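The file final21.cif comes next; it holds mmCIF, C-alpha atoms and all ligand atoms.
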data_run
#
loop_
_atom_site.group_PDB
_atom_site.id
_atom_site.type_symbol
_atom_site.label_atom_id
_atom_site.label_comp_id
_atom_site.auth_asym_id
_atom_site.auth_seq_id
_atom_site.Cartn_x
_atom_site.Cartn_y
_atom_site.Cartn_z
ATOM 1 C CA MET M 13 0.000 0.000 0.000
ATOM 2 C CA ASP M 14 1.411 3.330 -0.917
ATOM 3 C CA LEU M 15 1.370 6.358 1.323
ATOM 4 C CA PHE M 16 -1.664 7.936 -0.341
ATOM 5 C CA ASN M 17 -3.730 4.814 0.145
ATOM 6 C CA PHE M 18 -2.536 4.509 3.708
ATOM 7 C CA ILE M 19 -3.531 8.112 4.505
ATOM 8 C CA GLN M 20 -6.879 7.577 2.814
ATOM 9 C CA ALA M 21 -7.496 4.422 4.869
ATOM 10 C CA MET M 22 -6.459 6.149 8.095
ATOM 11 C CA THR M 23 -8.659 9.148 7.306
ATOM 12 C CA GLY M 24 -11.565 6.772 6.758
ATOM 13 C CA ILE M 25 -10.893 5.031 10.092
ATOM 14 C CA LEU M 26 -10.506 8.330 11.960
ATOM 15 C CA ALA M 27 -13.676 9.688 10.376
ATOM 16 C CA THR M 28 -15.545 6.556 11.496
ATOM 17 C CA VAL M 29 -14.098 6.797 15.039
ATOM 18 C CA PHE M 30 -14.927 10.499 15.175
ATOM 19 C CA ALA M 31 -18.456 9.841 13.921
ATOM 20 C CA PHE M 32 -18.844 7.113 16.523
ATOM 21 C CA ILE M 33 -17.557 9.351 19.359
ATOM 22 C CA THR M 34 -19.780 12.207 18.222
ATOM 23 C CA PHE M 35 -22.744 9.846 18.125
ATOM 24 C CA LYS M 36 -21.919 8.583 21.646
ATOM 25 C CA ILE M 37 -21.505 12.088 23.035
ATOM 26 C CA THR M 38 -24.751 13.271 21.457
ATOM 27 C CA THR M 39 -26.630 10.264 22.805
ATOM 28 C CA GLN M 40 -25.166 10.714 26.290
ATOM 29 C CA LYS M 41 -25.898 14.443 26.189
ATOM 30 C CA LYS M 42 -29.498 13.686 25.280
ATOM 31 C CA GLU M 43 -29.729 11.144 28.083
ATOM 32 C CA LEU M 44 -28.196 13.630 30.484
ATOM 33 C CA GLU M 45 -30.631 16.334 29.407
ATOM 34 C CA LYS M 46 -33.508 13.919 29.882
ATOM 35 C CA THR M 47 -32.206 12.970 33.360
ATOM 36 C CA ILE M 48 -31.921 16.657 34.271
ATOM 37 C CA LEU M 49 -35.481 17.236 33.083
ATOM 38 C CA ASP M 50 -36.687 14.225 35.067
ATOM 39 C CA LEU M 51 -34.819 15.453 38.150
ATOM 40 C CA LYS M 52 -36.310 18.938 37.773
ATOM 41 C CA SER M 53 -39.799 17.518 37.524
ATOM 42 C CA GLU M 54 -39.106 15.211 40.513
ATOM 43 C CA LYS M 55 -37.780 18.189 42.511
ATOM 44 C CA SER M 56 -40.834 20.257 41.710
ATOM 45 C CA LYS M 57 -43.044 17.326 42.817
ATOM 46 C CA ILE M 58 -41.052 17.011 46.072
ATOM 47 C CA ASP M 59 -41.241 20.805 46.618
ATOM 48 C CA THR M 60 -45.000 20.703 46.162
ATOM 49 C CA GLU M 61 -45.293 17.753 48.560
ATOM 50 C CA LEU M 62 -43.006 19.455 51.095
ATOM 51 C CA ASN M 63 -45.073 22.632 50.934
ATOM 52 C CA THR M 64 -48.229 20.608 51.442
ATOM 53 C CA LEU M 65 -46.561 18.870 54.409
ATOM 54 C CA LYS M 66 -45.425 22.226 55.867
ATOM 55 C CA ASN M 67 -48.903 23.701 55.546
ATOM 56 C CA TRP M 68 -50.366 20.583 57.116
ATOM 57 C CA ALA M 69 -47.766 20.619 59.923
ATOM 58 C CA LYS M 70 -48.530 24.298 60.648
ATOM 59 C CA ASN M 71 -52.070 23.301 61.516
ATOM 60 C CA VAL M 72 -51.382 19.979 63.187
ATOM 61 C CA ALA M 73 -50.174 20.558 66.724
ATOM 62 C CA SER M 74 -47.493 18.499 68.382
ATOM 63 C CA SER M 75 -49.080 16.935 71.481
ATOM 64 C CA SER M 76 -47.718 16.137 74.892
ATOM 65 C CA SER M 77 -49.337 15.251 78.209
ATOM 66 C CA ASP M 78 -49.321 16.815 81.646
ATOM 67 C CA ILE M 79 -50.426 14.561 84.477
ATOM 68 C CA LEU M 80 -52.081 15.935 87.577
ATOM 69 C CA ASP M 81 -51.446 13.427 90.371
ATOM 70 C CA VAL M 82 -53.957 13.323 93.190
ATOM 71 C CA ILE M 83 -53.091 11.278 96.263
ATOM 72 C CA VAL M 84 -56.022 10.455 98.527
ATOM 73 C CA LEU M 85 -55.207 9.642 102.145
ATOM 74 C CA GLY M 86 -57.108 9.248 105.392
ATOM 75 C CA PRO M 87 -57.996 6.669 108.026
ATOM 76 C CA ARG M 88 -60.093 3.560 107.393
ATOM 77 C CA GLN M 89 -63.780 4.149 106.663
ATOM 78 C CA ALA M 90 -63.322 7.884 106.093
ATOM 79 C CA GLY M 91 -65.155 7.599 102.778
ATOM 80 C CA LYS M 92 -62.171 8.089 100.455
ATOM 81 C CA THR M 93 -63.203 5.418 97.959
ATOM 82 C CA SER M 94 -66.833 6.558 98.064
ATOM 83 C CA VAL M 95 -65.859 10.114 97.122
ATOM 84 C CA VAL M 96 -63.297 9.086 94.497
ATOM 85 C CA GLU M 97 -65.704 6.623 92.905
ATOM 86 C CA SER M 98 -68.352 9.311 92.695
ATOM 87 C CA TRP M 99 -65.883 11.099 90.377
ATOM 88 C CA PHE M 100 -64.998 8.110 88.205
ATOM 89 C CA LYS M 101 -67.831 5.603 88.641
ATOM 90 C CA PRO M 102 -70.837 7.721 89.583
ATOM 91 C CA TRP M 103 -73.113 4.754 88.873
ATOM 92 C CA ASN M 104 -71.636 2.820 91.839
ATOM 93 C CA ASN M 105 -73.650 2.611 95.033
ATOM 94 C CA VAL M 106 -71.810 4.417 97.860
ATOM 95 C CA HIS M 107 -73.295 2.061 100.441
ATOM 96 C CA SER M 108 -71.735 -0.935 98.743
ATOM 97 C CA SER M 109 -68.198 0.472 99.020
ATOM 98 C CA LYS M 110 -65.744 -2.142 100.317
ATOM 99 C CA PRO M 111 -62.517 -1.496 102.252
ATOM 100 C CA THR M 112 -59.679 -0.826 99.835
ATOM 101 C CA GLU M 113 -56.781 -3.234 99.601
ATOM 102 C CA ASN M 114 -53.512 -1.502 98.722
ATOM 103 C CA TRP M 115 -54.724 1.311 96.489
ATOM 104 C CA HIS M 116 -56.883 1.977 93.446
ATOM 105 C CA GLU M 117 -55.690 4.105 90.575
ATOM 106 C CA HIS M 118 -58.042 6.009 88.290
ATOM 107 C CA LYS M 119 -56.856 7.857 85.224
ATOM 108 C CA CYS M 120 -58.822 10.023 82.845
ATOM 109 C CA PHE M 121 -58.354 12.657 80.192
ATOM 110 C CA LEU M 122 -59.474 16.115 81.319
ATOM 111 C CA CYS M 123 -58.967 18.485 78.430
ATOM 112 C CA ASN M 124 -56.758 19.649 75.578
ATOM 113 C CA PHE M 125 -55.425 23.151 75.406
ATOM 114 C CA ASP M 126 -53.103 25.238 73.198
ATOM 115 C CA ASP M 127 -49.632 25.693 74.580
ATOM 116 C CA GLY M 128 -47.919 28.249 72.307
ATOM 117 C CA THR M 129 -45.719 27.364 69.314
ATOM 118 C CA PHE M 130 -42.269 25.910 68.585
ATOM 119 C CA TYR M 131 -39.907 25.919 65.607
ATOM 120 C CA ASP M 132 -39.787 22.444 64.057
ATOM 121 C CA GLU M 133 -36.234 22.300 62.700
ATOM 122 C CA LYS M 134 -36.833 19.066 60.811
ATOM 123 C CA ILE M 135 -39.150 20.773 58.351
ATOM 124 C CA ASN M 136 -38.309 24.431 59.065
ATOM 125 C CA VAL M 137 -41.736 25.510 60.116
ATOM 126 C CA GLU M 138 -43.352 27.167 63.148
ATOM 127 C CA ARG M 139 -45.797 24.680 64.672
ATOM 128 C CA LYS M 140 -48.484 24.752 67.352
ATOM 129 C CA LYS M 141 -48.080 22.910 70.641
ATOM 130 C CA ARG M 142 -50.997 21.238 72.354
ATOM 131 C CA LYS M 143 -51.163 19.921 75.884
ATOM 132 C CA GLN M 144 -53.320 17.094 77.076
ATOM 133 C CA LEU M 145 -54.270 17.288 80.724
ATOM 134 C CA VAL M 146 -54.674 13.907 82.393
ATOM 135 C CA LEU M 147 -55.974 13.347 85.900
ATOM 136 C CA ARG M 148 -54.460 10.409 87.808
ATOM 137 C CA VAL M 149 -55.936 9.667 91.214
ATOM 138 C CA ARG M 150 -54.565 7.165 93.726
ATOM 139 C CA ASP M 151 -56.949 6.193 96.487
ATOM 140 C CA TYR M 152 -55.023 4.429 99.270
ATOM 141 C CA ALA M 153 -56.271 1.995 101.876
ATOM 142 C CA GLY M 154 -56.686 3.677 105.255
ATOM 143 C CA GLU M 155 -54.392 1.288 107.132
ATOM 144 C CA ASP M 156 -51.317 2.957 108.574
ATOM 145 C CA SER M 157 -48.944 0.781 106.541
ATOM 146 C CA TYR M 158 -50.304 2.252 103.291
ATOM 147 C CA ARG M 159 -49.631 5.800 104.450
ATOM 148 C CA ILE M 160 -45.887 5.277 104.131
ATOM 149 C CA LYS M 161 -46.359 3.583 100.741
ATOM 150 C CA ALA M 162 -48.252 6.662 99.627
ATOM 151 C CA PHE M 163 -45.440 8.925 100.891
ATOM 152 C CA ASP M 164 -42.958 6.841 98.901
ATOM 153 C CA TYR M 165 -45.113 7.257 95.827
ATOM 154 C CA ILE M 166 -45.396 11.024 96.370
ATOM 155 C CA ALA M 167 -41.604 11.140 96.631
ATOM 156 C CA SER M 168 -41.346 9.422 93.229
ATOM 157 C CA LEU M 169 -43.360 12.216 91.596
ATOM 158 C CA GLU M 170 -41.851 15.547 90.699
ATOM 159 C CA SER M 171 -44.561 18.051 90.074
ATOM 160 C CA ASN M 172 -48.286 18.626 89.751
ATOM 161 C CA VAL M 173 -49.249 16.833 92.934
ATOM 162 C CA VAL M 174 -52.396 17.459 94.934
ATOM 163 C CA ILE M 175 -52.751 15.736 98.310
ATOM 164 C CA VAL M 176 -56.247 15.054 99.625
ATOM 165 C CA LEU M 177 -56.447 14.356 103.355
ATOM 166 C CA PHE M 178 -59.721 12.863 104.590
ATOM 167 C CA ILE M 179 -60.973 13.372 108.108
ATOM 168 C CA THR M 180 -64.160 11.787 109.337
ATOM 169 C CA PRO M 181 -65.232 13.199 112.669
ATOM 170 C CA ASP M 182 -67.467 11.295 115.095
ATOM 171 C CA PHE M 183 -70.959 12.595 114.574
ATOM 172 C CA THR M 184 -72.956 11.889 117.718
ATOM 173 C CA ALA M 185 -76.326 12.986 118.940
ATOM 174 C CA SER M 186 -74.630 15.428 121.293
ATOM 175 C CA GLY M 187 -72.338 16.940 118.685
ATOM 176 C CA ILE M 188 -69.230 16.495 116.550
ATOM 177 C CA VAL M 189 -65.885 15.338 117.964
ATOM 178 C CA CYS M 190 -62.492 14.338 116.656
ATOM 179 C CA ASN M 191 -61.794 10.645 117.079
ATOM 180 C CA ASN M 192 -58.522 8.947 117.938
ATOM 181 C CA GLU M 193 -58.111 7.453 114.501
ATOM 182 C CA ASN M 194 -57.839 10.895 112.937
ATOM 183 C CA ASN M 195 -55.407 12.012 115.612
ATOM 184 C CA SER M 196 -53.102 9.068 115.152
ATOM 185 C CA TYR M 197 -53.359 9.032 111.339
ATOM 186 C CA TYR M 198 -52.340 12.704 111.244
ATOM 187 C CA SER M 199 -49.999 12.634 114.251
ATOM 188 C CA ALA M 200 -47.183 15.161 114.446
ATOM 189 C CA SER M 201 -44.551 12.489 113.728
ATOM 190 C CA VAL M 202 -46.376 11.177 110.663
ATOM 191 C CA LEU M 203 -46.836 14.648 109.199
ATOM 192 C CA LYS M 204 -43.174 15.473 109.910
ATOM 193 C CA GLU M 205 -42.271 12.365 107.911
ATOM 194 C CA LEU M 206 -44.416 13.562 104.996
ATOM 195 C CA GLU M 207 -42.768 16.977 105.188
ATOM 196 C CA LEU M 208 -39.331 15.348 105.017
ATOM 197 C CA TYR M 209 -40.300 13.336 101.938
ATOM 198 C CA ILE M 210 -41.547 16.453 100.188
ATOM 199 C CA LEU M 211 -38.681 18.708 101.185
ATOM 200 C CA THR M 212 -35.852 16.315 100.378
ATOM 201 C CA LYS M 213 -37.259 15.519 96.947
ATOM 202 C CA ASN M 214 -38.350 19.098 96.293
ATOM 203 C CA ILE M 215 -41.761 18.014 95.040
ATOM 204 C CA GLN M 216 -44.062 20.646 93.630
ATOM 205 C CA ILE M 217 -47.290 20.377 95.603
ATOM 206 C CA ARG M 218 -50.051 22.278 93.820
ATOM 207 C CA GLY M 219 -52.539 22.071 96.642
ATOM 208 C CA VAL M 220 -53.689 20.232 99.740
ATOM 209 C CA ALA M 221 -57.377 19.558 100.356
ATOM 210 C CA VAL M 222 -58.527 18.659 103.838
ATOM 211 C CA VAL M 223 -61.871 16.909 103.456
ATOM 212 C CA PHE M 224 -64.377 16.508 106.278
ATOM 213 C CA ASN M 225 -66.576 13.728 104.894
ATOM 214 C CA LYS M 226 -69.906 12.234 105.996
ATOM 215 C CA ILE M 227 -71.349 15.593 107.026
ATOM 216 C CA ASP M 228 -74.786 14.111 106.296
ATOM 217 C CA LEU M 229 -74.400 12.315 109.632
ATOM 218 C CA ALA M 230 -74.360 15.592 111.569
ATOM 219 C CA SER M 231 -77.403 16.278 113.696
ATOM 220 C CA PRO M 232 -80.112 18.026 111.655
ATOM 221 C CA SER M 233 -80.418 20.525 114.506
ATOM 222 C CA LEU M 234 -77.045 21.965 113.432
ATOM 223 C CA SER M 235 -76.888 24.455 110.589
ATOM 224 C CA GLU M 236 -74.373 24.004 107.770
ATOM 225 C CA ASN M 237 -72.294 26.799 109.306
ATOM 226 C CA ASP M 238 -72.391 25.168 112.742
ATOM 227 C CA VAL M 239 -71.202 21.850 111.296
ATOM 228 C CA GLU M 240 -68.304 23.529 109.500
ATOM 229 C CA ASN M 241 -67.249 25.611 112.495
ATOM 230 C CA ILE M 242 -67.421 22.677 114.920
ATOM 231 C CA CYS M 243 -65.486 20.393 112.557
ATOM 232 C CA ILE M 244 -62.721 22.999 112.298
ATOM 233 C CA LYS M 245 -62.707 23.723 116.042
ATOM 234 C CA GLU M 246 -62.615 20.046 117.015
ATOM 235 C CA HIS M 247 -59.732 19.324 114.666
ATOM 236 C CA THR M 248 -57.680 22.450 115.325
ATOM 237 C CA ASN M 249 -54.590 20.471 116.280
ATOM 238 C CA ILE M 250 -54.619 18.376 113.133
ATOM 239 C CA LEU M 251 -55.315 21.417 110.948
ATOM 240 C CA GLU M 252 -52.492 23.379 112.578
ATOM 241 C CA ARG M 253 -50.079 20.533 111.944
ATOM 242 C CA ILE M 254 -51.117 20.314 108.284
ATOM 243 C CA ASN M 255 -50.962 24.116 107.874
ATOM 244 C CA SER M 256 -47.506 24.260 109.386
ATOM 245 C CA ILE M 257 -46.245 22.058 106.532
ATOM 246 C CA PHE M 258 -48.260 23.258 103.580
ATOM 247 C CA GLY M 259 -49.043 26.848 104.606
ATOM 248 C CA GLY M 260 -51.196 28.749 102.129
ATOM 249 C CA LYS M 261 -51.812 25.695 99.952
ATOM 250 C CA VAL M 262 -54.420 24.160 102.266
ATOM 251 C CA SER M 263 -58.163 24.379 101.541
ATOM 252 C CA ILE M 264 -60.923 22.827 103.608
ATOM 253 C CA TYR M 265 -63.933 20.987 102.173
ATOM 254 C CA PHE M 266 -67.091 19.522 103.680
ATOM 255 C CA THR M 267 -68.521 16.602 101.751
ATOM 256 C CA SER M 268 -71.020 13.808 101.809
ATOM 257 C CA ALA M 269 -70.527 10.970 99.347
ATOM 258 C CA THR M 270 -73.983 9.574 100.088
ATOM 259 C CA LYS M 271 -75.716 12.904 99.433
ATOM 260 C CA ASN M 272 -73.240 13.916 96.700
ATOM 261 C CA THR M 273 -72.568 17.165 98.551
ATOM 262 C CA GLY M 274 -69.384 19.077 97.788
ATOM 263 C CA VAL M 275 -67.675 16.200 95.984
ATOM 264 C CA ILE M 276 -67.732 17.742 92.514
ATOM 265 C CA ASN M 277 -66.596 21.119 93.844
ATOM 266 C CA LEU M 278 -63.687 19.313 95.444
ATOM 267 C CA LEU M 279 -62.751 17.699 92.128
ATOM 268 C CA ARG M 280 -63.193 21.029 90.302
ATOM 269 C CA ASP M 281 -60.819 22.825 92.674
ATOM 270 C CA ILE M 282 -58.303 19.994 92.341
ATOM 271 C CA CYS M 283 -58.386 20.340 88.539
ATOM 272 C CA TRP M 284 -58.120 24.114 88.763
ATOM 273 C CA THR M 285 -54.814 23.906 90.594
ATOM 274 C CA MET M 286 -53.456 23.104 87.103
ATOM 275 C CA ILE M 287 -55.722 25.281 85.025
ATOM 276 C CA THR M 288 -55.774 29.039 85.075
ATOM 277 C CA GLU M 289 -57.198 30.045 81.698
ATOM 278 C CA ASP M 290 -60.947 30.621 81.407
ATOM 279 C CA GLY M 291 -61.265 28.636 78.156
ATOM 280 C CA GLN M 292 -59.617 25.607 79.738
ATOM 281 C CA LYS M 293 -61.725 25.971 82.865
ATOM 282 C CA LYS M 294 -64.856 25.837 80.697
ATOM 283 C CA LYS M 295 -63.693 22.556 79.137
ATOM 284 C CA VAL M 296 -63.068 21.043 82.552
ATOM 285 C CA ALA M 297 -66.410 22.373 83.799
ATOM 286 C CA SER M 298 -68.176 20.508 80.985
ATOM 287 C CA PHE M 299 -66.252 17.352 81.944
ATOM 288 C CA LEU M 300 -67.374 17.803 85.565
ATOM 289 C CA LYS M 301 -70.984 18.459 84.566
ATOM 290 C CA LYS M 302 -71.250 14.866 83.332
ATOM 291 C CA ARG M 303 -70.481 13.746 86.886
ATOM 292 C CA LYS M 304 -73.195 15.730 88.672
HETATM 293 N N1 LIG G 401 -73.249 8.459 105.773
HETATM 294 C C1 LIG G 401 -72.204 8.431 104.978
HETATM 295 N N2 LIG G 401 -71.557 7.297 104.757
HETATM 296 C C2 LIG G 401 -70.493 7.307 103.927
HETATM 297 C C3 LIG G 401 -70.062 8.475 103.277
HETATM 298 N N3 LIG G 401 -68.979 8.178 102.537
HETATM 299 C C4 LIG G 401 -68.754 6.871 102.701
HETATM 300 N N4 LIG G 401 -69.660 6.340 103.541
HETATM 301 C C5 LIG G 401 -69.726 4.963 104.006
HETATM 302 O O1 LIG G 401 -68.568 4.729 104.790
HETATM 303 C C6 LIG G 401 -68.093 3.411 104.610
HETATM 304 C C7 LIG G 401 -66.624 3.464 104.195
HETATM 305 O O2 LIG G 401 -66.538 4.085 102.962
HETATM 306 P P1 LIG G 401 -65.255 3.902 102.005
HETATM 307 O O3 LIG G 401 -65.442 4.827 100.882
HETATM 308 O O4 LIG G 401 -65.040 2.485 101.689
HETATM 309 O O5 LIG G 401 -64.111 4.407 102.986
HETATM 310 P P2 LIG G 401 -62.547 4.400 102.722
HETATM 311 O O6 LIG G 401 -62.030 5.628 103.344
HETATM 312 O O7 LIG G 401 -62.273 4.184 101.292
HETATM 313 O O8 LIG G 401 -62.102 3.134 103.572
HETATM 314 P P3 LIG G 401 -60.794 2.222 103.396
HETATM 315 O O9 LIG G 401 -60.695 1.828 101.950
HETATM 316 O O10 LIG G 401 -61.055 1.058 104.267
HETATM 317 O O11 LIG G 401 -59.632 3.014 103.858
HETATM 318 C C8 LIG G 401 -68.971 2.781 103.532
HETATM 319 O O12 LIG G 401 -69.943 1.988 104.171
HETATM 320 C C9 LIG G 401 -69.647 3.950 102.866
HETATM 321 O O13 LIG G 401 -70.940 3.625 102.387
HETATM 322 C C10 LIG G 401 -70.785 9.683 103.521
HETATM 323 O O14 LIG G 401 -70.497 10.752 103.011
HETATM 324 N N5 LIG G 401 -71.838 9.593 104.388
HETATM 325 MG MG MG G 402 -61.190 2.837 100.290
#
Would you mind writing the file out in structure tokens?
Amino acid sequence: MDLFNFIQAMTGILATVFAFITFKITTQKKELEKTILDLKSEKSKIDTELNTLKNWAKNVASSSSDILDVIVLGPRQAGKTSVVESWFKPWNNVHSSKPTENWHEHKCFLCNFDDGTFYDEKINVERKKRKQLVLRVRDYAGEDSYRIKAFDYIASLESNVVIVLFITPDFTASGIVCNNENNSYYSASVLKELELYILTKNIQIRGVAVVFNKIDLASPSLSENDVENICIKEHTNILERINSIFGGKVSIYFTSATKNTGVINLLRDICWTMITEDGQKKKVASFLKKRK
């Protein structure tokens, strides 16, 4: 082969290679352009979905729960279970109440309420917060040994605790007197022990309710005012001991589980230790109405 033919052959080969490379590049460019188009359309779909998600998230609140713990204490037969069951099982007959073994726990949802907003960094959007208020009541057996178990339980809680202390006076034909059971259940040493538990663990006590129950047993010759004043006077020592620990947090109630007197107001005030806003109070009031 002479040089001319050789050059001609080489030119042919190079032209073919060049044509092939050009074809390859053009095809790949087209594929790349198609991929870019696909990616753009995918991105726009994702953007639309993300926007929809953000708008949805703006209106869907992130929920968490607050528990209000209520610890019910008092000597045997004071009527603790009767009062507590009138809150949670109003259909139960008070007269059929049996002595409690250990303790009963009741839990129920009280209300939802708005709790400001927060910035959700995962999706870069300001979202609403919603709180669920849950009531958890522990009704302990009146035996002394359960008092200390209740104190241990109180010490395991941190905040939002309401303590309900039942006192049942002796209602006799001649009047109302404090009985020994109340005195020993709320003795100075026992209350000191409770104080120690609360102080060392720094527990946030929202309120303390002292409940004089069974007021229906008071002589009908006594007015409501008389009954209340005599109950307070006859239990001054116990009340002073309780006040010396809990100070301004103590409120006194007069109830009758059999006559359903004062029991719902007691529950309302317990709930309101956690609730300050009028709107929330209305929701709890409608919850309480179902129990009247
Ligand atoms: N008359 C009257 N009787 C009541 C009242 N509340 C409870 N009782 C009665 O008192 C008794 C004791 O009631 P409980 O509710 O079981 O008392 P408790 O404090 O839970 O007693 P323990 O579980 O043993 O510590 C029952 O026979 C009830 O029917 C009340 O307000 N008036
Ligand atoms: Mg009981």
Give one line per residue of chain M that approaches ligand MG 402 (chain G) to at most 9 Å, naming the two atoms of the closest pair and their distance in Å to one decimal, counting all atoms listed in the file; sort by chain then ascending residue number and deliver it as CSV.
residue,atom,partner,partner_atom,distance
M:Arg88,CA,G:MG402,MG,7.2
M:Gln89,CA,G:MG402,MG,7.0
M:Ala90,CA,G:MG402,MG,8.0
M:Gly91,CA,G:MG402,MG,6.7
M:Lys92,CA,G:MG402,MG,5.3
M:Thr93,CA,G:MG402,MG,4.0
M:Ser94,CA,G:MG402,MG,7.1
M:Val96,CA,G:MG402,MG,8.8
M:Ser109,CA,G:MG402,MG,7.5
M:Lys110,CA,G:MG402,MG,6.7
M:Pro111,CA,G:MG402,MG,4.9
M:Thr112,CA,G:MG402,MG,4.0
M:Glu113,CA,G:MG402,MG,7.5
M:Asn114,CA,G:MG402,MG,9.0
M:Trp115,CA,G:MG402,MG,7.7
M:His116,CA,G:MG402,MG,8.1
M:Asp151,CA,G:MG402,MG,6.6
M:Tyr152,CA,G:MG402,MG,6.5
M:Ala153,CA,G:MG402,MG,5.2
M:Gly154,CA,G:MG402,MG,6.8
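Of the listed residues M:Gly24, M:Gly187, M:Pro87, M:Pro181, the one whose atoms come nearest to ligand LIG 401 (chain G) is M:Pro87, with distances taken using all atoms listed in the file.
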Interatomic distance (Å, one decimal) between atom CA of M:Glu97 and atom CA of M:Ser268: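 Answer for the atom CA of M:Glu97 to atom CA of M:Ser268 separation: 12.6 Å.
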Selection dump of the PyMOL selection byres (((chain M and resi 170) around 10) and not hetatm), as a ChimeraX atom specification: /M:81,166-169,171-173,210,213-217
Atom CA of M:Leu234 to atom CA of M:Glu193, distance in Å rounded to a single decimal: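 Taking atom CA of M:Leu234 and atom CA of M:Glu193, their separation equals 23.9 Å.
For the choices M:Lys161, M:Ser235, M:Val95, M:Lys70, the atom-to-atom distance to M:Leu279 is smallest for M:Val95 when using only C-alpha atoms.
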